[in-house]
Each structure stands twice: as structure tokens, then as C-alpha cells.
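Chemist: Here you go, one structure.
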Amino acid sequence: MNAVEIKNLSKNFGAKQAVCGLDMTVPMGAIYGFIGENGSGKSTTEKMICGLIPASGGSIKLYGKDYTDIDVRARVGVLIESPGCFPGLTVWDNMMLQAANLSIPNAEKEVIKVLKTVRMEGAAGNKYKNCSLGMKQRVGIAMALLGDPTLLVLDEPLNGLDADGMRIMREVFTDIIKDGKRSIIVSSHLLGELQKVATHYGIIRHGKMICEMTSDELDASCRTYIALQADEMSKTKTLLGCKYSRVEEDEAGYIRVYDLTTPEDVVTYLYENGVTVTEIMTDKIGLEEYFIDLMKGGK
Amino acid sequence: MTRELTFRNPSFSERIKGMLGVDFYRLFHTPMFYIFLVIAAIIPAMVSAMTMMPGPDGSAATPLYSNVWQIIAATEPLYVIRSIADYANMNMVFIFGGIMVSIFIGHDYKSGYVKQLFTTHAKKQDYMISKSLTCAFAMACMCITYFIGGTVGGLLVGYSLEVNVGSLMIAILGKIIMSLGWASLFTFLNIIFRRYFGISIASSFFFGTGILIIGVAAIVENLSIPTWFLNIFLYGSSVNACLVSNVGTLIICAVVSVAWAVFYNVLGTRILSKSDVY
């Protein structure tokens, strides 16, 4: 059984079609990285999964049940944009209010548990309005974790976090799914960070799912390239451009050769043409470049 | 590695208990509630004092009321008001109450609380019921502070205490009961306008002052249609709870208040179910 199964989902806002014919499958125990450009329909899809906006068509099943069923809704935790907290109340009070809404028995114990999970137990007495952005995001995740949900939907939870905040968030995600019964859908524009935790990916464009894959499949799909630096960079680039079909210069000043070849061949070819290679390595493109390639229409 | 999933179906009473707990906690922890209680007490005291003030030329005051209790309820059902004295009674609570409900519900939307709430097992109908009951309680409290303020103010300016105690009690109880219908109306208006405080407050004020019903009352009177017909509306029933009320008045208030509360709750639930939550 999958945590989420979406078939032919659509949503119209007047004449504008935000989501059209979207299919999506999130397996149980997965961290599903939901990726797309701004306005591609990510947040709209997430809001439909969360029951915040009604779908115009299609079906959403959570654990095999309709997403509107009360019993299945009780197992969904959500952080969409920002947590719904009252700024004048403390983190603890806000958590207790959410616990009351969820009719959680032993609320205090549960709140302490989830605050520990997000490393916020020391800040429970802080007023929500005085929390930093990173702390607010973690409060949002703690709130989403109340009631022992099996599906978490997190919209841009990494936004505005510093390096340490990102690290804590990665640890939190890993902790959440370690028992294998929870799944997380997480959307983010920070693809490098997402790649460190995601086990599955869904890429959406213009309201349609253009690709779903596991992290292993992504790894296999990501092209290998050779990056090098030489004594005469412009001549090197011209020479390589004559022999190989795709040669680019990256932001770090390396020339990349994407064709299937070996470093030895490249070095020999350049040496024969009077160019000395000073540095050479092989690497794979990351999720970010894969995504950019996909958006450009290439792969 | 995956464990078998169990699903719990929270009952209506569990859901509503949790939601009411949150709403009442918020109500008692927001200064706004206490500010409105004080306003509800001060207004009738001020009105009493103003009605006994001498004219600008030093002429003797012409009291608008003949006893203390007219500040609480009119001497007879005055559907069409002709002076401020006809209007200045406990029905004013429903105006302040409307504004309070706008602020209370507006904060739900502004803070994102509603968004957080509707992602859980909470039903739209639970939200409507919980808000209506909480706001009705707040208005009922305002009725009580209005009664205290009005009584103290009236006594201080020297109005007579003469009254039919039974009718007075029924009038007060009737208006308290009407709080439920009014609170449901304001909740309904506010889930339409959501975070738009200005429009919400304006609409609450518009309906709270009963401008529509006063207009209808004037037409009804001119057409020689019996004015008791207006009792089927919230404003009519609120006016009907006056110093000549009897048990029948109380029953009318209860039926009308509950009927409108159900109507607005059903309508509000339908609108919430079909609309997007932001």
C-alpha cells in the first residue's frame, strides 16, 4: 500500500489551470522530494492533499482511503508555508492548543516528545513571535508531528534556514522516517539539501508530473562529466568543442565535457594539440543540474 | 520494516470538545474579550448619564427614560425606532459583539490557525459550531456586564427602580438567548470575508444595527402588516424581548435564535466546504 496515490488530479482557479492530470505515488517510508519551478503547481497539489482546497477533478487516496475521510486525515501532519500559531502565545501554548484540537490524550507528554524530536525542548517557553525563522519552521514541524501522523506534508520547510538549521532539519527528517511507518512529502527549491535526504523524487511542470523516480534511479540518470583546467582555457574550450558534442564552462571556471569518454583520452587529445592540463576530475551532475536540464527540455 | 497502520475515527464529541477548549482558551487569554466586556458596561452607564445632562443653555434635563430598566430593554416591542432612547438598550451588545467576532475570527485566518486546523480531522461544521458557541458565550457575558453597567449608571443618575421583575428577567434572558443566533450570523459573515477585517467589521455593524430589519419594519408598518411578523428575524425577536415580555417571548427567542443559528451554521459549513482555505 502506498502512502499517497493521486490519479488525474486537476485544479482550476477560474480560467487558469494550476494542476492538470497529475499522477503521483508516494510509497510508505519515503522522503518524497517534490520539485518544480515557481508556479508549477507544487503548493496547490500539497494543499489539495491536505484538504485545504477542493480538487476540480481526479482522485487522491491516502493509505488506500479517500483523502477526506476523517480517520485518515487524523494521520496527516502538515506544514504549509508557515505554522498556524498565535504570535502572542508561547511555543508550548501553541503546541498544547493544537494537541487539544487533535484530541490527543496525554498532551503534555506528546508535546514534550515532538519538541525533543525537533530540538526545541529548550525554547518551549519562548513566545512564538520572538522565535527565529528556523525555530518557527521547527515549531511547524513539531506541530505537524503531533498526533503521531504517518504522512507529513511539508511545504518549503528549509526556507530561510542557516547551515546549522539545515543540518538539524536533515537529522529531524531522518529521525522521523527511521521506524519505516512514516512518509514525508517535502517541497523545496534547495535541491542540493533535498538530495541529501530524499529517497524519492517527483518533478512537476505546468501542473503535470513529468517524472517520478527513486534516488537510485536519479543517480543512474545523472550524467557523468569530466571537469578540467588547463593553461590556455579559451583554446582548450575551442579544441574540446571541435571533438566533443557538449562542452561547457561552469561557474567555478572548469571546462566540462559531458560526452562518454575517459580523462586519459581528453588529456592525450589536448596534449597532442599543445595544451597542458593542470587539473582533471570526473564527477556526476547533481539534482539541481538534472532538474535544470529537465526544465530546459534536455536530459 | 513497516508496521501495520491503525486509523482512529475521532467522534463528534471528541472533536468539538477539543475545538471548544481551544476557542475558550483563546477567548479568556485575549485582552480584546475583557476590553469588550468593559465597553459593554461603560456604554449604558454613559447613555444613562447623558440622558440626565442639562441642556447647553442650562435648562433642566429631559430624561429619556422613566426608569433604570429601559436602558436594559424597551417598555414595549419597538420595531421601528423613533429616538435614540428606543434603540439604546441591551440590543447594542449585538453591535459590539459583531465587531468582537470579526476580530476573533479574523485572527484565526491571519495567523494561519484555520489552515492548520483544516488539515487535521477537524470538520468545517465543527468549526462553525465551535465559533458560534464561543462567540455566543462572549456576547452573553457582554449582556451581563451591560446589565451591571446599565443598572449602576441608572441608579447613579437617579432613575426609578420600579419594574415587573419577571418580565425584566425574561427580557434579559431572551436577549442572552438571542446571542446564539447573532453569534452564528457574525460567524457566517466572517467566514465569507475571512481576513478582511474592515469588510467583516463593517458587515457585522451593518447587520448588528439591524438596519435592514429597521427598514423592513418601516415598510411593514406602512403596509399595515402586523409587526409581530418581524419576530421571525433576529432583530425582531431581540426587540420583542422587552419589559412586557412573558414566557411566550422567551420561547420565541429560543426558537428563532436556534433556528437562525442552525441556518447560518449549515450555510457557513457549505461555503467553507466549497471554498479554498488560505
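Labeling convention for the C-alpha cells: chains A, B, ... as they appear, residues from 1 per chain, ligands from 1 in order of appearance.
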Which residues of chain B have any atom within 6 Å of an atom in chain A when counting only C-alpha atoms, and what is the closest pair of atoms for each, with the distance in Å to one decimal? Order the rows by chain and rising number and write it as a tab-separated table.

Modeler:
```
residue	atom	partner	partner_atom	distance
B:Met1	CA	A:Gly180	CA	5.9
B:Thr2	CA	A:Gly180	CA	5.1
B:Arg3	CA	A:Lys181	CA	5.9
B:Phe7	CA	A:Asp71	CA	5.4
B:Arg8	CA	A:Asp71	CA	5.3
B:Asn9	CA	A:Asp71	CA	4.4
B:Gly18	CA	A:Asn101	CA	4.7
B:Met19	CA	A:Asn101	CA	5.1
B:Val22	CA	A:Leu97	CA	5.6
B:Ser111	CA	A:Gly84	CA	5.6
B:Gly112	CA	A:Gly84	CA	4.0
B:Tyr113	CA	A:Gly84	CA	4.1
B:Gln116	CA	A:Gly84	CA	5.3
B:Thr119	CA	A:Cys50	CA	5.1
B:Thr120	CA	A:Arg73	CA	5.5
B:His121	CA	A:Ala74	CA	4.9
B:Asp276	CA	A:Ile53	CA	4.4
B:Val277	CA	A:Leu52	CA	5.2
```

Chemist: Please produce an output containing N, CA and C atoms for each residue in the selection, written as a tab-separated table (two decimals), in the first residue's frame.

Modeler:
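Resulting contents of result_0.tsv:
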```
chain	number	residue	atom	x	y	z
B	1	MET	N	9.76	-3.92	7.39
B	1	MET	CA	10.04	-2.90	8.40
B	1	MET	C	8.78	-2.08	8.73
B	2	THR	N	7.87	-1.97	7.77
B	2	THR	CA	6.69	-1.14	8.02
B	2	THR	C	5.71	-1.84	8.96
B	3	ARG	N	5.20	-1.03	9.91
B	3	ARG	CA	4.23	-1.57	10.85
B	3	ARG	C	2.83	-1.44	10.26
B	7	PHE	N	-6.14	3.25	12.12
B	7	PHE	CA	-6.79	4.54	11.94
B	7	PHE	C	-7.82	4.74	13.03
B	8	ARG	N	-7.78	5.92	13.64
B	8	ARG	CA	-8.72	6.24	14.70
B	8	ARG	C	-9.73	7.24	14.14
B	9	ASN	N	-10.99	7.01	14.41
B	9	ASN	CA	-12.02	7.92	13.90
B	9	ASN	C	-12.55	8.75	15.06
B	18	GLY	N	-12.40	19.31	21.90
B	18	GLY	CA	-11.06	19.85	21.68
B	18	GLY	C	-11.12	21.26	21.12
B	19	MET	N	-11.99	21.45	20.12
B	19	MET	CA	-12.05	22.74	19.46
B	19	MET	C	-12.61	23.82	20.38
B	22	VAL	N	-9.98	24.95	22.79
B	22	VAL	CA	-9.04	25.90	22.18
B	22	VAL	C	-9.69	27.29	22.08
B	111	SER	N	-3.50	34.39	11.38
B	111	SER	CA	-2.39	33.64	11.99
B	111	SER	C	-2.13	32.31	11.27
B	112	GLY	N	-3.04	31.88	10.44
B	112	GLY	CA	-2.87	30.59	9.77
B	112	GLY	C	-3.47	29.44	10.57
B	113	TYR	N	-4.12	29.77	11.69
B	113	TYR	CA	-4.70	28.75	12.56
B	113	TYR	C	-5.74	27.90	11.82
B	116	GLN	N	-4.09	25.45	9.58
B	116	GLN	CA	-3.54	24.34	10.36
B	116	GLN	C	-4.67	23.40	10.81
B	119	THR	N	-6.33	21.03	8.13
B	119	THR	CA	-5.52	19.94	7.60
B	119	THR	C	-5.66	18.71	8.49
B	120	THR	N	-6.25	18.89	9.67
B	120	THR	CA	-6.42	17.77	10.60
B	120	THR	C	-7.81	17.15	10.37
B	121	HIS	N	-8.25	16.37	11.35
B	121	HIS	CA	-9.55	15.72	11.20
B	121	HIS	C	-10.72	16.67	11.45
B	276	ASP	N	-11.71	27.59	-0.92
B	276	ASP	CA	-10.31	27.32	-0.61
B	276	ASP	C	-9.97	27.97	0.73
B	277	VAL	N	-9.09	27.33	1.49
B	277	VAL	CA	-8.63	27.89	2.76
B	277	VAL	C	-7.21	28.38	2.56
```

Chemist: Taking the DSSP assignment computed from this structure's backbone, write out as a ChimeraX atom specification all residues of region 44-245 of chain A that belong to helix (DSSP H, G or I).

Modeler: /A:44-49,70-73,91-101,107-117,121-123,128-130,133-145,163-177,191-197,215-221,233-243

Chemist: Contacts of Asp175 (chain A) at 12 Å or less, counting only C-alpha atoms, minus same-chain residues fewer than 4 places along, as a PyMOL selection string?

Modeler: chain A and resi 29+31+114+116-119+145+168-171+179-184+197

Chemist: Please identify all polymer residues within 8 Å of Val256 (chain B), counting only C-alpha atoms, omitting same-chain residues fewer than 2 positions from it, and present them as a PyMOL selection string.

Modeler: chain B and resi 178+181+231-234+237+252-254+258-260

Chemist: Can you tell me which residues surround Gly160 (chain A) at a distance of at most 12 Å, considering only C-alpha atoms, apart from same-chain residues fewer than 6 positions away, and format the answer as number ranges by chain?

Modeler: A: 81-82, 132-138, 166, 169, 188-190

Chemist: Which residue, B:Cys135, B:Lys124, B:Ala140, B:Ser204, has the smallest gap to Lys274 (chain B) when you use only C-alpha atoms?

Modeler: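 Closest residue, counting only C-alpha atoms: B:Lys124.
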
Chemist: Might you pull out every residue within 9 Å of Glu212 (chain A), with only C-alpha atoms counted and same-chain residues fewer than 4 positions away left off, and present them as a list of chain:residue names?

Modeler: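 These residues fall inside the cut-off: A:Met24, A:Thr25, A:His200, A:Tyr201, A:Gly202, A:Ile203, A:Ile204.
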
Chemist: For a test of reading the model, state the distance in Å between CA of Met295 (chain A) and CA of Cys211 (chain A), rounded to one decimal.

Modeler: 11.2 Å

Chemist: Between CA of Lys16 (chain A) and CA of Thr269 (chain B), measure the distance and give it in Å to one decimal.

Modeler: 26.1 Å

Chemist: Show which residues sit within 10 Å of Gly158 (chain B), as a list of chain:residue names. Count only C-alpha atoms, and ignore same-chain residues fewer than 5 positions away.

Modeler: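 The residues satisfying every condition are B:Ser48, B:Ala49, B:Met52, B:Asn67, B:Val68, B:Val152, B:Gly153.
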
Chemist: Could you dump the residues just selected with C-alpha atoms as a CSV table (one decimal), in the first residue's frame?

Modeler:
```csv
chain,number,residue,atom,x,y,z
B,48,SER,CA,-27.8,57.0,31.4
B,49,ALA,CA,-25.6,59.9,32.4
B,52,MET,CA,-29.8,63.4,32.5
B,67,ASN,CA,-36.8,54.0,35.0
B,68,VAL,CA,-33.5,52.2,35.1
B,152,VAL,CA,-25.3,51.1,38.2
B,153,GLY,CA,-25.5,54.0,35.7
```

Chemist: Just give me the gap between CA of Val4 (chain A) and CA of Pro27 (chain A) in Å, one decimal is fine.

Modeler: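 We find that CA of Val4 (chain A) and CA of Pro27 (chain A) lie 6.9 Å from each other.
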